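What follows is the content of my_file-v5.txt (compact mmCIF, C-alpha atoms and all ligand atoms).
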# COMPACT_ATOMS: atom_id res chain seq x y z
CA MET A 1 155.98 59.40 47.69
CA PRO A 2 154.17 62.37 49.25
CA LEU A 3 154.08 62.23 53.01
CA THR A 4 150.65 63.71 53.58
CA ALA A 5 147.22 63.32 52.02
CA ASP A 6 143.75 64.68 52.79
CA ALA A 7 142.43 61.15 52.31
CA VAL A 8 143.80 57.73 51.37
CA ILE A 9 141.66 55.11 49.68
CA ILE A 10 142.75 51.49 49.96
CA GLY A 11 141.64 49.50 46.90
CA GLY A 12 141.46 50.21 43.17
CA GLY A 13 138.29 48.31 42.25
CA ALA A 14 134.97 49.78 41.15
CA VAL A 15 134.21 51.01 44.67
CA GLY A 16 137.61 52.56 45.48
CA THR A 17 138.04 54.31 42.11
CA SER A 18 134.49 55.65 42.25
CA ILE A 19 135.06 57.06 45.74
CA LEU A 20 138.36 58.59 44.61
CA TYR A 21 136.73 60.24 41.59
CA HIS A 22 133.79 61.59 43.55
CA LEU A 23 136.03 62.93 46.34
CA ALA A 24 138.11 64.69 43.66
CA GLN A 25 134.89 66.02 42.11
CA SER A 26 133.85 67.40 45.47
CA GLY A 27 136.99 69.56 45.53
CA MET A 28 139.41 67.48 47.63
CA ARG A 29 142.78 67.73 45.92
CA ASN A 30 145.42 65.86 47.90
CA LEU A 31 144.02 62.36 47.46
CA ILE A 32 145.90 59.08 47.20
CA LEU A 33 144.54 55.69 46.15
CA LEU A 34 146.68 52.69 47.08
CA GLU A 35 146.31 49.54 45.01
CA LYS A 36 148.43 46.52 45.86
CA ASP A 37 148.17 45.20 42.33
CA GLY A 38 146.63 46.88 39.27
CA LEU A 39 143.27 48.64 38.89
CA SER A 40 140.33 46.18 38.83
CA ALA A 41 142.63 43.32 39.90
CA GLY A 42 140.12 42.13 42.54
CA SER A 43 136.45 41.11 42.27
CA THR A 44 135.76 43.94 39.85
CA GLY A 45 137.90 42.45 37.10
CA ASP A 46 136.12 39.10 37.43
CA SER A 47 132.64 40.59 37.53
CA ALA A 48 129.83 39.83 35.09
CA ALA A 49 129.09 43.54 35.60
CA ILE A 50 125.38 43.12 34.91
CA ILE A 51 123.38 46.26 35.60
CA ARG A 52 119.80 46.04 36.88
CA GLN A 53 117.60 47.89 39.37
CA HIS A 54 115.41 44.99 40.46
CA TYR A 55 115.96 44.73 44.22
CA SER A 56 113.64 44.20 47.13
CA ASN A 57 115.20 46.95 49.27
CA PRO A 58 114.83 50.60 48.22
CA VAL A 59 118.43 51.67 48.96
CA SER A 60 119.88 49.18 46.46
CA THR A 61 117.32 50.18 43.84
CA GLN A 62 118.04 53.88 44.38
CA LEU A 63 121.80 53.33 44.18
CA ALA A 64 121.36 51.28 41.00
CA MET A 65 119.14 53.97 39.48
CA ARG A 66 121.66 56.70 40.24
CA SER A 67 124.52 54.49 39.01
CA ILE A 68 122.81 54.14 35.64
CA GLU A 69 122.68 57.93 35.35
CA ILE A 70 126.40 58.11 36.12
CA LEU A 71 127.20 55.32 33.65
CA LYS A 72 125.22 57.06 30.93
CA SER A 73 127.16 60.28 31.54
CA PHE A 74 130.55 58.51 31.32
CA PRO A 75 131.32 59.34 27.65
CA GLU A 76 130.61 63.02 28.20
CA LYS A 77 132.22 63.40 31.64
CA LEU A 78 134.98 60.81 31.54
CA GLY A 79 135.54 60.28 27.84
CA GLN A 80 134.81 56.56 27.88
CA ASP A 81 131.86 54.48 26.80
CA VAL A 82 131.68 51.77 29.49
CA PHE A 83 127.98 50.87 29.49
CA ASP A 84 126.00 48.75 27.03
CA GLN A 85 122.40 49.61 27.82
CA THR A 86 120.97 46.47 26.26
CA GLY A 87 118.14 46.09 28.77
CA TRP A 88 117.79 43.33 31.40
CA LEU A 89 115.32 40.46 31.65
CA PHE A 90 114.39 38.55 34.79
CA LEU A 91 112.95 35.04 34.37
CA VAL A 92 111.01 34.03 37.47
CA PRO A 93 109.53 30.68 38.58
CA GLU A 94 106.00 30.37 39.95
CA ASP A 95 107.09 29.94 43.58
CA ALA A 96 108.65 33.44 43.53
CA GLY A 97 105.66 34.96 41.76
CA GLU A 98 104.09 36.66 44.76
CA SER A 99 107.23 38.46 45.90
CA PHE A 100 108.02 39.30 42.28
CA LYS A 101 104.71 41.16 41.97
CA ILE A 102 105.33 43.06 45.21
CA ASN A 103 108.86 43.98 44.14
CA LEU A 104 107.77 45.10 40.69
CA LYS A 105 105.20 47.44 42.21
CA GLN A 106 107.76 48.86 44.63
CA LEU A 107 110.24 49.39 41.79
CA GLN A 108 107.67 51.23 39.73
CA GLU A 109 106.78 53.41 42.73
CA LEU A 110 110.48 54.26 43.11
CA GLY A 111 110.50 55.38 39.48
CA VAL A 112 112.22 52.42 37.85
CA ASN A 113 111.29 51.93 34.21
CA THR A 114 110.27 48.26 34.41
CA ARG A 115 107.27 46.12 33.62
CA GLU A 116 106.16 42.54 33.38
CA ILE A 117 106.09 41.24 29.82
CA SER A 118 104.37 38.12 28.56
CA ILE A 119 106.34 34.92 28.13
CA ASP A 120 105.48 35.10 24.41
CA GLU A 121 107.21 38.49 24.22
CA ALA A 122 110.43 37.29 25.87
CA PRO A 123 111.94 35.64 22.74
CA GLN A 124 112.09 39.09 21.12
CA HIS A 125 114.89 39.71 23.62
CA ILE A 126 116.13 36.14 24.04
CA PRO A 127 115.81 34.36 20.70
CA GLY A 128 115.29 30.60 20.97
CA LEU A 129 114.07 30.78 24.59
CA ASN A 130 112.53 27.57 25.95
CA PRO A 131 109.55 28.85 28.03
CA ASP A 132 109.19 25.72 30.24
CA GLY A 133 108.84 26.61 33.90
CA ILE A 134 108.96 30.38 33.41
CA ALA A 135 106.01 31.96 35.22
CA HIS A 136 106.90 35.66 35.02
CA VAL A 137 109.28 37.86 33.05
CA ALA A 138 110.33 41.38 34.08
CA PHE A 139 111.86 43.74 31.55
CA GLU A 140 114.09 46.67 32.47
CA PRO A 141 115.02 48.60 29.33
CA ASP A 142 117.57 50.68 31.27
CA GLY A 143 119.67 47.72 32.46
CA GLY A 144 122.53 46.07 30.62
CA PHE A 145 126.19 45.38 31.29
CA CYS A 146 129.48 47.22 31.71
CA ASP A 147 133.15 46.90 31.00
CA PRO A 148 134.55 46.73 34.55
CA GLN A 149 138.17 47.48 33.64
CA GLN A 150 137.20 50.53 31.61
CA LEU A 151 134.98 51.76 34.42
CA CYS A 152 137.88 51.75 36.89
CA LEU A 153 140.14 53.36 34.33
CA GLY A 154 137.57 56.05 33.62
CA PHE A 155 137.13 56.96 37.28
CA ALA A 156 140.90 56.80 37.82
CA ASN A 157 141.67 59.08 34.87
CA GLY A 158 138.95 61.49 35.93
CA ALA A 159 140.35 61.67 39.47
CA GLN A 160 143.94 62.06 38.27
CA SER A 161 142.93 64.92 36.01
CA LYS A 162 141.81 66.70 39.18
CA GLY A 163 145.11 66.05 40.95
CA ALA A 164 144.51 62.71 42.71
CA GLN A 165 147.40 60.25 42.82
CA ILE A 166 147.08 56.53 42.19
CA LEU A 167 149.88 54.32 43.46
CA LEU A 168 149.74 50.91 41.80
CA ASN A 169 151.65 47.88 43.09
CA THR A 170 151.70 49.66 46.44
CA PRO A 171 149.99 47.69 49.20
CA ALA A 172 148.80 49.41 52.32
CA THR A 173 150.33 47.48 55.20
CA GLY A 174 148.82 49.18 58.23
CA ILE A 175 146.62 51.98 59.58
CA SER A 176 147.95 54.20 62.35
CA THR A 177 145.66 55.74 64.92
CA SER A 178 146.02 57.99 67.92
CA ASN A 179 143.29 58.62 70.52
CA ASN A 180 140.80 56.66 68.39
CA ARG A 181 141.53 58.81 65.32
CA VAL A 182 143.15 57.81 62.08
CA THR A 183 146.54 59.46 61.66
CA GLY A 184 148.00 57.66 58.68
CA VAL A 185 148.57 54.62 56.51
CA THR A 186 151.75 52.62 56.16
CA THR A 187 152.55 51.22 52.75
CA SER A 188 155.17 48.95 51.23
CA THR A 189 157.21 52.07 50.45
CA GLY A 190 156.66 54.38 53.41
CA HIS A 191 154.10 56.19 55.51
CA ILE A 192 151.37 58.67 54.56
CA ASP A 193 149.99 61.05 57.18
CA THR A 194 146.26 61.43 56.64
CA PRO A 195 143.16 62.08 58.75
CA ILE A 196 140.91 59.99 56.48
CA VAL A 197 141.26 56.40 55.30
CA VAL A 198 138.68 54.53 53.21
CA ASN A 199 138.67 50.75 53.32
CA ALA A 200 137.58 49.67 49.83
CA ALA A 201 139.74 46.57 49.77
CA GLY A 202 137.08 44.10 48.55
CA PRO A 203 137.95 40.55 49.63
CA TRP A 204 140.86 41.91 51.71
CA ALA A 205 138.65 44.36 53.62
CA HIS A 206 138.53 42.22 56.75
CA LYS A 207 142.32 42.18 56.93
CA VAL A 208 142.46 45.97 56.43
CA GLY A 209 139.79 46.50 59.10
CA ARG A 210 141.84 44.42 61.55
CA TRP A 211 144.62 47.02 61.38
CA ALA A 212 142.23 49.43 63.10
CA GLY A 213 140.88 46.85 65.54
CA LEU A 214 137.69 46.05 63.60
CA ASP A 215 136.24 42.59 63.09
CA LEU A 216 134.10 43.18 60.00
CA PRO A 217 131.39 40.55 59.41
CA LEU A 218 132.61 39.47 55.97
CA GLU A 219 132.70 36.04 54.41
CA ILE A 220 134.53 35.20 51.19
CA SER A 221 133.08 32.87 48.56
CA ARG A 222 134.68 31.61 45.34
CA GLU A 223 132.47 32.24 42.30
CA GLN A 224 132.96 30.83 38.82
CA GLU A 225 131.97 32.04 35.36
CA ILE A 226 132.38 30.90 31.77
CA MET A 227 132.41 32.55 28.36
CA VAL A 228 131.17 30.66 25.29
CA ARG A 229 131.35 31.43 21.58
CA VAL A 230 128.34 30.38 19.51
CA LYS A 231 128.48 28.99 15.98
CA PRO A 232 128.03 31.48 13.13
CA GLY A 233 124.41 32.47 12.60
CA ILE A 234 123.25 31.42 16.09
CA PRO A 235 121.38 34.35 17.67
CA LEU A 236 122.45 35.48 21.13
CA PRO A 237 120.32 37.02 23.86
CA LYS A 238 120.06 40.73 23.16
CA THR A 239 119.77 41.71 26.83
CA ALA A 240 121.46 40.76 30.06
CA VAL A 241 119.42 38.04 31.78
CA SER A 242 118.94 36.84 35.35
CA ASN A 243 117.28 33.46 35.13
CA MET A 244 115.95 32.41 38.51
CA VAL A 245 114.24 29.37 37.00
CA ASP A 246 117.52 27.63 36.11
CA ARG A 247 119.69 29.62 38.54
CA ILE A 248 121.92 31.12 35.87
CA TYR A 249 122.71 34.61 34.66
CA LEU A 250 124.03 35.52 31.26
CA ARG A 251 124.83 38.47 29.11
CA PRO A 252 126.14 39.29 25.67
CA THR A 253 129.55 40.90 25.34
CA ARG A 254 130.92 43.53 23.00
CA GLU A 255 131.93 40.68 20.68
CA GLN A 256 129.24 39.60 18.23
CA ASP A 257 129.27 35.90 19.08
CA THR A 258 130.11 35.43 22.75
CA LEU A 259 128.08 35.02 25.90
CA LEU A 260 129.11 35.22 29.55
CA VAL A 261 127.36 32.76 31.90
CA GLY A 262 127.40 32.24 35.66
CA VAL A 263 125.36 30.33 38.23
CA GLY A 264 123.03 32.20 40.59
CA HIS A 265 121.40 31.55 43.95
CA PRO A 266 120.39 29.56 45.87
CA LYS A 267 123.78 27.88 46.18
CA ALA A 268 126.25 27.17 48.95
CA ASN A 269 129.12 29.57 49.61
CA GLU A 270 132.56 28.20 48.86
CA SER A 271 134.92 29.59 51.45
CA ALA A 272 138.21 30.90 50.02
CA ASP A 273 141.41 32.64 51.04
CA PRO A 274 141.77 35.74 48.83
CA ASP A 275 145.55 35.31 48.79
CA ASN A 276 145.43 31.67 47.80
CA TYR A 277 142.46 30.25 45.93
CA ASN A 278 141.86 28.34 42.71
CA ARG A 279 141.39 30.92 39.91
CA LYS A 280 140.41 28.18 37.45
CA THR A 281 136.91 26.73 37.05
CA ASP A 282 136.04 23.18 38.10
CA ALA A 283 135.17 20.78 35.27
CA GLU A 284 131.91 19.91 37.06
CA PHE A 285 130.92 23.59 37.20
CA VAL A 286 131.49 24.04 33.48
CA LYS A 287 129.45 20.92 32.63
CA ASP A 288 126.58 21.94 34.91
CA THR A 289 126.53 25.54 33.64
CA VAL A 290 126.49 24.47 30.00
CA GLU A 291 123.65 22.03 30.77
CA ARG A 292 121.59 24.77 32.38
CA LEU A 293 122.30 27.12 29.50
CA THR A 294 121.39 24.65 26.75
CA LYS A 295 118.25 23.53 28.56
CA ARG A 296 116.98 27.10 28.38
CA LEU A 297 118.55 27.96 25.02
CA PRO A 298 118.70 24.62 23.13
CA HIS A 299 120.19 26.23 20.03
CA MET A 300 123.34 26.95 22.07
CA VAL A 301 124.31 23.26 22.02
CA GLY A 302 127.75 23.06 20.45
CA ALA A 303 128.90 26.52 21.60
CA ASP A 304 132.64 26.56 22.32
CA LEU A 305 134.01 27.30 25.76
CA ILE A 306 136.51 30.12 25.17
CA ALA A 307 137.24 31.35 28.70
CA SER A 308 136.51 30.53 32.31
CA TRP A 309 137.64 31.90 35.65
CA ALA A 310 136.89 32.08 39.35
CA GLY A 311 136.63 35.29 41.38
CA LEU A 312 135.47 36.20 44.87
CA TYR A 313 132.34 37.52 46.53
CA THR A 314 132.80 39.37 49.83
CA ILE A 315 129.55 38.73 51.67
CA THR A 316 127.92 40.45 54.64
CA PRO A 317 125.33 38.65 56.83
CA ASP A 318 122.40 40.23 54.93
CA TRP A 319 124.04 40.26 51.48
CA ASN A 320 124.23 44.05 51.32
CA MET A 321 127.24 46.34 51.53
CA ILE A 322 128.51 48.15 54.57
CA ALA A 323 128.93 51.83 53.64
CA ASP A 324 129.62 53.87 56.73
CA GLN A 325 132.08 55.55 59.04
CA ALA A 326 133.73 52.99 61.34
CA ALA A 327 132.48 53.17 64.91
CA GLY A 328 135.16 54.09 67.40
CA VAL A 329 137.82 55.05 64.81
CA ASP A 330 137.30 58.63 63.66
CA GLY A 331 138.34 59.17 60.07
CA LEU A 332 138.05 55.53 59.01
CA PHE A 333 135.37 54.85 56.41
CA LEU A 334 134.09 51.50 55.18
CA ALA A 335 132.84 50.64 51.71
CA VAL A 336 133.02 46.87 51.93
CA GLY A 337 131.05 43.66 51.48
CA GLY A 338 129.89 43.93 47.87
CA SER A 339 128.07 40.61 48.38
CA GLY A 340 128.21 39.63 44.72
CA HIS A 341 126.06 42.42 43.36
CA SER A 342 127.72 45.73 44.08
CA PHE A 343 129.53 46.48 40.86
CA LYS A 344 126.34 48.14 39.67
CA LEU A 345 126.05 50.12 42.89
CA ALA A 346 129.65 51.36 42.85
CA PRO A 347 129.20 54.50 40.72
CA ALA A 348 126.51 55.92 43.03
CA LEU A 349 128.03 54.46 46.15
CA GLY A 350 131.24 56.37 45.43
CA GLU A 351 129.24 59.56 45.13
CA CYS A 352 127.40 58.87 48.39
CA MET A 353 130.57 57.92 50.27
CA ALA A 354 132.20 61.15 49.10
CA GLU A 355 129.21 63.07 50.46
CA LEU A 356 129.43 61.17 53.75
CA ILE A 357 133.16 61.90 54.04
CA VAL A 358 132.96 65.58 53.05
CA ARG A 359 129.59 66.60 54.49
CA GLY A 360 128.86 63.97 57.13
CA GLN A 361 125.81 62.60 55.33
CA SER A 362 124.87 61.34 51.89
CA ASP A 363 122.05 63.24 50.21
CA THR A 364 122.02 61.78 46.69
CA VAL A 365 120.85 58.49 48.20
CA ASP A 366 120.47 58.07 51.95
CA ILE A 367 122.83 55.19 52.66
CA THR A 368 122.11 54.89 56.38
CA PRO A 369 120.37 51.53 55.74
CA LEU A 370 123.89 50.29 54.87
CA ARG A 371 125.31 51.35 58.25
CA ALA A 372 127.72 48.94 59.93
CA SER A 373 125.74 48.76 63.16
CA ARG A 374 122.63 47.21 61.56
CA PHE A 375 123.75 43.65 62.33
CA ALA A 376 124.31 44.31 66.03
CA GLU A 377 120.95 46.15 66.10
CA GLY A 378 119.25 43.13 64.57
CA SER A 379 118.05 45.29 61.69
CA GLY A 380 119.78 43.66 58.72
CA MET A 381 118.04 44.22 55.42
CA LEU A 382 115.46 41.77 54.19
CA SER A 383 115.90 40.14 50.81
CA THR A 384 113.01 38.67 48.87
CA TYR A 385 114.91 36.34 46.61
CA GLY A 386 117.95 35.52 48.77
CA GLY A 387 121.67 35.57 48.05
CA ASN A 388 122.95 38.28 45.77
CA ARG A 389 119.61 38.70 43.98
CA GLY A 390 118.54 41.10 46.72
C1 LIG B 1 132.25 36.20 39.35
C2 LIG B 1 131.61 37.47 39.82
C3 LIG B 1 130.49 37.99 39.16
C4 LIG B 1 129.90 39.18 39.59
N1 LIG B 1 128.85 39.68 38.88
C5 LIG B 1 128.31 40.87 39.24
C6 LIG B 1 127.29 41.46 38.45
O1 LIG B 1 126.87 40.93 37.43
N2 LIG B 1 126.80 42.67 38.84
C7 LIG B 1 127.25 43.30 39.96
O2 LIG B 1 126.73 44.38 40.27
N3 LIG B 1 128.21 42.75 40.74
C8 LIG B 1 128.76 41.56 40.39
N4 LIG B 1 129.76 41.01 41.15
C9 LIG B 1 130.17 41.69 42.37
C10 LIG B 1 131.05 42.88 42.08
O3 LIG B 1 131.96 42.55 41.07
C11 LIG B 1 131.78 43.30 43.36
O4 LIG B 1 130.83 43.53 44.39
C12 LIG B 1 132.55 44.61 43.14
O5 LIG B 1 133.30 44.56 41.95
C13 LIG B 1 133.46 44.84 44.33
O6 LIG B 1 134.26 45.97 44.04
P1 LIG B 1 135.27 46.49 45.13
O7 LIG B 1 135.93 47.68 44.55
O8 LIG B 1 134.60 46.61 46.45
O9 LIG B 1 136.31 45.29 45.35
P2 LIG B 1 137.50 44.78 44.43
O10 LIG B 1 137.20 44.90 43.00
O11 LIG B 1 137.89 43.45 44.95
O12 LIG B 1 138.65 45.81 44.72
C14 LIG B 1 139.41 45.79 45.91
C15 LIG B 1 140.83 46.16 45.54
O13 LIG B 1 141.57 46.38 46.72
C16 LIG B 1 142.89 45.99 46.48
N5 LIG B 1 143.53 45.79 47.78
C17 LIG B 1 143.21 44.85 48.70
N6 LIG B 1 143.99 44.98 49.78
C18 LIG B 1 144.83 46.03 49.54
C19 LIG B 1 145.89 46.64 50.27
N7 LIG B 1 146.28 46.19 51.48
N8 LIG B 1 146.53 47.69 49.71
C20 LIG B 1 146.18 48.15 48.48
N9 LIG B 1 145.21 47.59 47.74
C21 LIG B 1 144.54 46.55 48.26
C22 LIG B 1 142.73 44.72 45.65
O14 LIG B 1 143.90 44.40 44.93
C23 LIG B 1 141.55 45.07 44.75
O15 LIG B 1 141.97 45.59 43.50
C24 LIG B 1 130.40 39.84 40.72
C25 LIG B 1 131.53 39.35 41.38
C26 LIG B 1 132.15 38.19 40.93
C27 LIG B 1 133.36 37.68 41.62
Please re-express this file's structure in structure tokens.
Amino acid sequence: MPLTADAVIIGGGAVGTSILYHLAQSGMRNLILLEKDGLSAGSTGDSAAIIRQHYSNPVSTQLAMRSIEILKSFPEKLGQDVFDQTGWLFLVPEDAGESFKINLKQLQELGVNTREISIDEAPQHIPGLNPDGIAHVAFEPDGGFCDPQQLCLGFANGAQSKGAQILLNTPATGISTSNNRVTGVTTSTGHIDTPIVVNAAGPWAHKVGRWAGLDLPLEISREQEIMVRVKPGIPLPKTAVSNMVDRIYLRPTREQDTLLVGVGHPKANESADPDNYNRKTDAEFVKDTVERLTKRLPHMVGADLIASWAGLYTITPDWNMIADQAAGVDGLFLAVGGSGHSFKLAPALGECMAELIVRGQSDTVDITPLRASRFAEGSGMLSTYGGNRG
């Protein structure tokens, strides 16, 4: 193990690998990423990885827009095709209609390619759609879904080709500081001297922050998803879909006949210990999710459950990430609190964090709205729809 690094990143999920790649791109050479398990072993590997730009706060929209550019450039720059740009549909009930209209206008002003389509048009994208209770439908042709494992691998390979090192199965076990400055990271196999540490540890970020005396405002919630296979000849949705009417989200996969489905907000958080939680779905969850799905898509009755799992959201008080330098600990950076929607932000967030680390500010997207101090200032971000919808 090398004994010194210009920067050490803790966590090999979408956020950590993106930061590593973008730091390497910026010219930093002696970089180390520590991953206690394998790449994408945390929330990233469990993610639905749906990509959309529909948010009520500009910073999330701008990060999602920039992320789509990065995802589209993946085959050329990183040799991997990780993004299925199928489009994204948002099904909205009447009681959210007013905020939907305001959001749509704001999105268009920010340059997002999105529009409201008629309910009659929606079945072109979602064959067999039951229109009951749907008041509005937004269409984003640029949205879609990703392969989360391949994304991490792509960033990791890209960083390694520029000299970065990735140490798998190597947990960080502590952060050393001197005079309120980071001086190094201890790992399961030794110590690395470094002036810069990035906490990108997902659900373990609170624990990592503790090593430097921080008490990050993060809550963990267990989140379940299922995958179903439809009978031959049954048409699947062509786009990724967020369905606020029935509180489900779904998306096709790269297989011809399978659909991933999860349950959206509003719902209660289910507190979990990241080191010890039930990775399997509850029978009641599966039953409820299938009922919601077949109510909206009646021709899906009889689809076979082929996979199910539970992962973790790491949630901040306003359901938006913290992306900042830690106050009072020079050299410690935070990219934590994905809040159930930050896979899609990770490509751009990595770029912005690299800018913050190297230049002291992020220019691609100004991420100061994601500063850690916003909660103490009482200026947390507002969210129109609540939860991870943004
Ligand atoms: C079921 C589910 C569905 C989701 N759906 C979507 C979606 O559709 N769209 C979207 O945008 N987002 C979605 N999300 C959220 C998104 O997946 C997460 O916000 C994002 O993947 C978080 O990435 P991360 O890199 O911050 O964390 P993680 O992927 O959790 O990565 C953190 C890594 O740090 C490692 N680590 C922790 N501690 C240490 C240590 N001490 N030393 C070394 N390594 C350590 C872990 O092993 C882990 O690999 C979903 C999440 C879940 C759970």
With only C-alpha atoms and all ligand atoms counted, collect every polymer residue having an atom within 6 Å of ligand LIG 1 (chain B); state the result as an MDAnalysis selection string. chainID A and resid 10:16 34:37 39:44 46:51 171:173 200:204 223:225 311:313 336 338:344
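Separating atom CA of A:Thr258 from atom CA of A:Gly233 is a distance of 12.0 Å.
Using all atoms listed in the file, the nearest neighbour of A:Phe139 within the list A:Glu116, A:Glu121, A:Glu351, A:Glu284 is A:Glu116.
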For a test of reading the model, state the distance in Å between atom CA of A:Leu71 and atom CA of A:Asn103, rounded to one decimal. 24.0 Å
Considering all atoms listed in the file, return as a PDB file with C-alpha atoms, in the coordinates of the input whatever protein or nucleic-acid residues lie within 9 Å of A:Arg52, sequence-local ones (same chain, fewer than 6 positions apart) excluded.
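result-v7.pdb was written with the following content:
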ATOM      1  CA  THR A  61     117.320  50.180  43.840  1.00  0.00           C
ATOM      2  CA  ALA A  64     121.360  51.280  41.000  1.00  0.00           C
ATOM      3  CA  MET A  65     119.140  53.970  39.480  1.00  0.00           C
ATOM      4  CA  ILE A  68     122.810  54.140  35.640  1.00  0.00           C
ATOM      5  CA  GLY A  87     118.140  46.090  28.770  1.00  0.00           C
ATOM      6  CA  TRP A  88     117.790  43.330  31.400  1.00  0.00           C
ATOM      7  CA  LEU A  89     115.320  40.460  31.650  1.00  0.00           C
ATOM      8  CA  GLU A 140     114.090  46.670  32.470  1.00  0.00           C
ATOM      9  CA  ASP A 142     117.570  50.680  31.270  1.00  0.00           C
ATOM     10  CA  GLY A 143     119.670  47.720  32.460  1.00  0.00           C
ATOM     11  CA  GLY A 144     122.530  46.070  30.620  1.00  0.00           C
ATOM     12  CA  PHE A 145     126.190  45.380  31.290  1.00  0.00           C
ATOM     13  CA  ALA A 240     121.460  40.760  30.060  1.00  0.00           C
ATOM     14  CA  LYS A 344     126.340  48.140  39.670  1.00  0.00           C
TER      15      LYS A 344
END
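Neighbours of A:Val261 closer than or equal to 9 Å, with all atoms listed in the file counted and sequence neighbours fewer than 5 positions away skipped, come out as Ala48, Glu225, Ile226, Met227, Val228, Ile248, Tyr249, Leu250, Arg251, Thr289, Val290 and Leu293 of chain A.
Considering the residues A:Lys162, A:Arg247, A:Lys267, A:Arg222 and counting all atoms listed in the file, A:Arg296 has its shortest atom-to-atom contact with A:Arg247.
Computed from the coordinates, the atom CA of A:Asn57 to atom CA of A:Ile117 distance equals 22.2 Å.
Of the listed residues A:Arg254, A:Lys287, A:Lys207, A:Lys238, the one whose atoms come nearest to A:Leu129 is A:Lys238, with distances taken using all atoms listed in the file.
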Each residue of stretch 267-338 of chain A with at least one atom at most 8 Å from stretch 352-372 of chain A should appear once, together with its nearest atom pair and the corresponding distance in Å (one decimal); atoms considered: only C-alpha atoms; ordering: chain, then increasing residue number; output as a Markdown table.
| residue | atom | partner | partner_atom | distance |
| --- | --- | --- | --- | --- |
| A:Asn320 | CA | A:Leu370 | CA | 7.2 |
| A:Met321 | CA | A:Leu370 | CA | 6.2 |
| A:Ile322 | CA | A:Leu370 | CA | 5.1 |
| A:Ala323 | CA | A:Leu370 | CA | 5.4 |
| A:Asp324 | CA | A:Arg371 | CA | 5.2 |
| A:Gln325 | CA | A:Ala372 | CA | 8.0 |
| A:Ala326 | CA | A:Ala372 | CA | 7.4 |
| A:Phe333 | CA | A:Ile357 | CA | 7.8 |
| A:Ala335 | CA | A:Met353 | CA | 7.8 |
If you count all atoms listed in the file, which residues fall within 9 Å of A:Ile119, apart from same-chain ones fewer than 5 positions away, as a ChimeraX atom specification? /A:131,134-137
Go ahead and write the residues just picked, C-alpha atoms, as a compact mmCIF listing (two decimals), in the coordinates of the input.
# COMPACT_ATOMS: atom_id res chain seq x y z
CA PRO A 131 109.55 28.85 28.03
CA ILE A 134 108.96 30.38 33.41
CA ALA A 135 106.01 31.96 35.22
CA HIS A 136 106.90 35.66 35.02
CA VAL A 137 109.28 37.86 33.05
Would you list the contacts of A:Val301 as a ChimeraX atom specification, taking every protein, DNA or RNA residue within 10 Å and counting only C-alpha atoms, but skipping same-chain residues closer than 2 positions in sequence? /A:230-231,290-291,293-295,297-299,303-304
Box along x, y and z, 5 Å on every side, all listed atoms of stretch 19-34 of chain A inside: centre and edge lengths in Å to one decimal, as AutoDock Vina command-line options.
--center_x 140.2 --center_y 61.1 --center_z 44.7 --size_x 22.9 --size_y 26.9 --size_z 16.3
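Ranking A:Gly174, A:Ala205, A:Asn169, A:Ala310 by their shortest atom-to-atom distance to A:Ile192, with only C-alpha atoms included, puts A:Gly174 first.
The residue set within 7 Å of stretch 25-31 of chain A, counting all atoms listed in the file and dropping same-chain residues fewer than 3 places from it, reads Ala5, Asp6, Ala7, Val8, Tyr21, His22, Lys162, Gly163, Ala164 and Gln165 of chain A.
Distance annotation: of A:Val245, A:His125, A:Pro58, A:Pro141, the residue with the minimal separation from A:Glu109 is A:Pro58; atom set is all atoms listed in the file.
Nearest to A:Leu334 of all the residues A:Ile9, A:Ala268, A:Ala346, A:Leu104 is A:Ile9, based on only C-alpha atoms.
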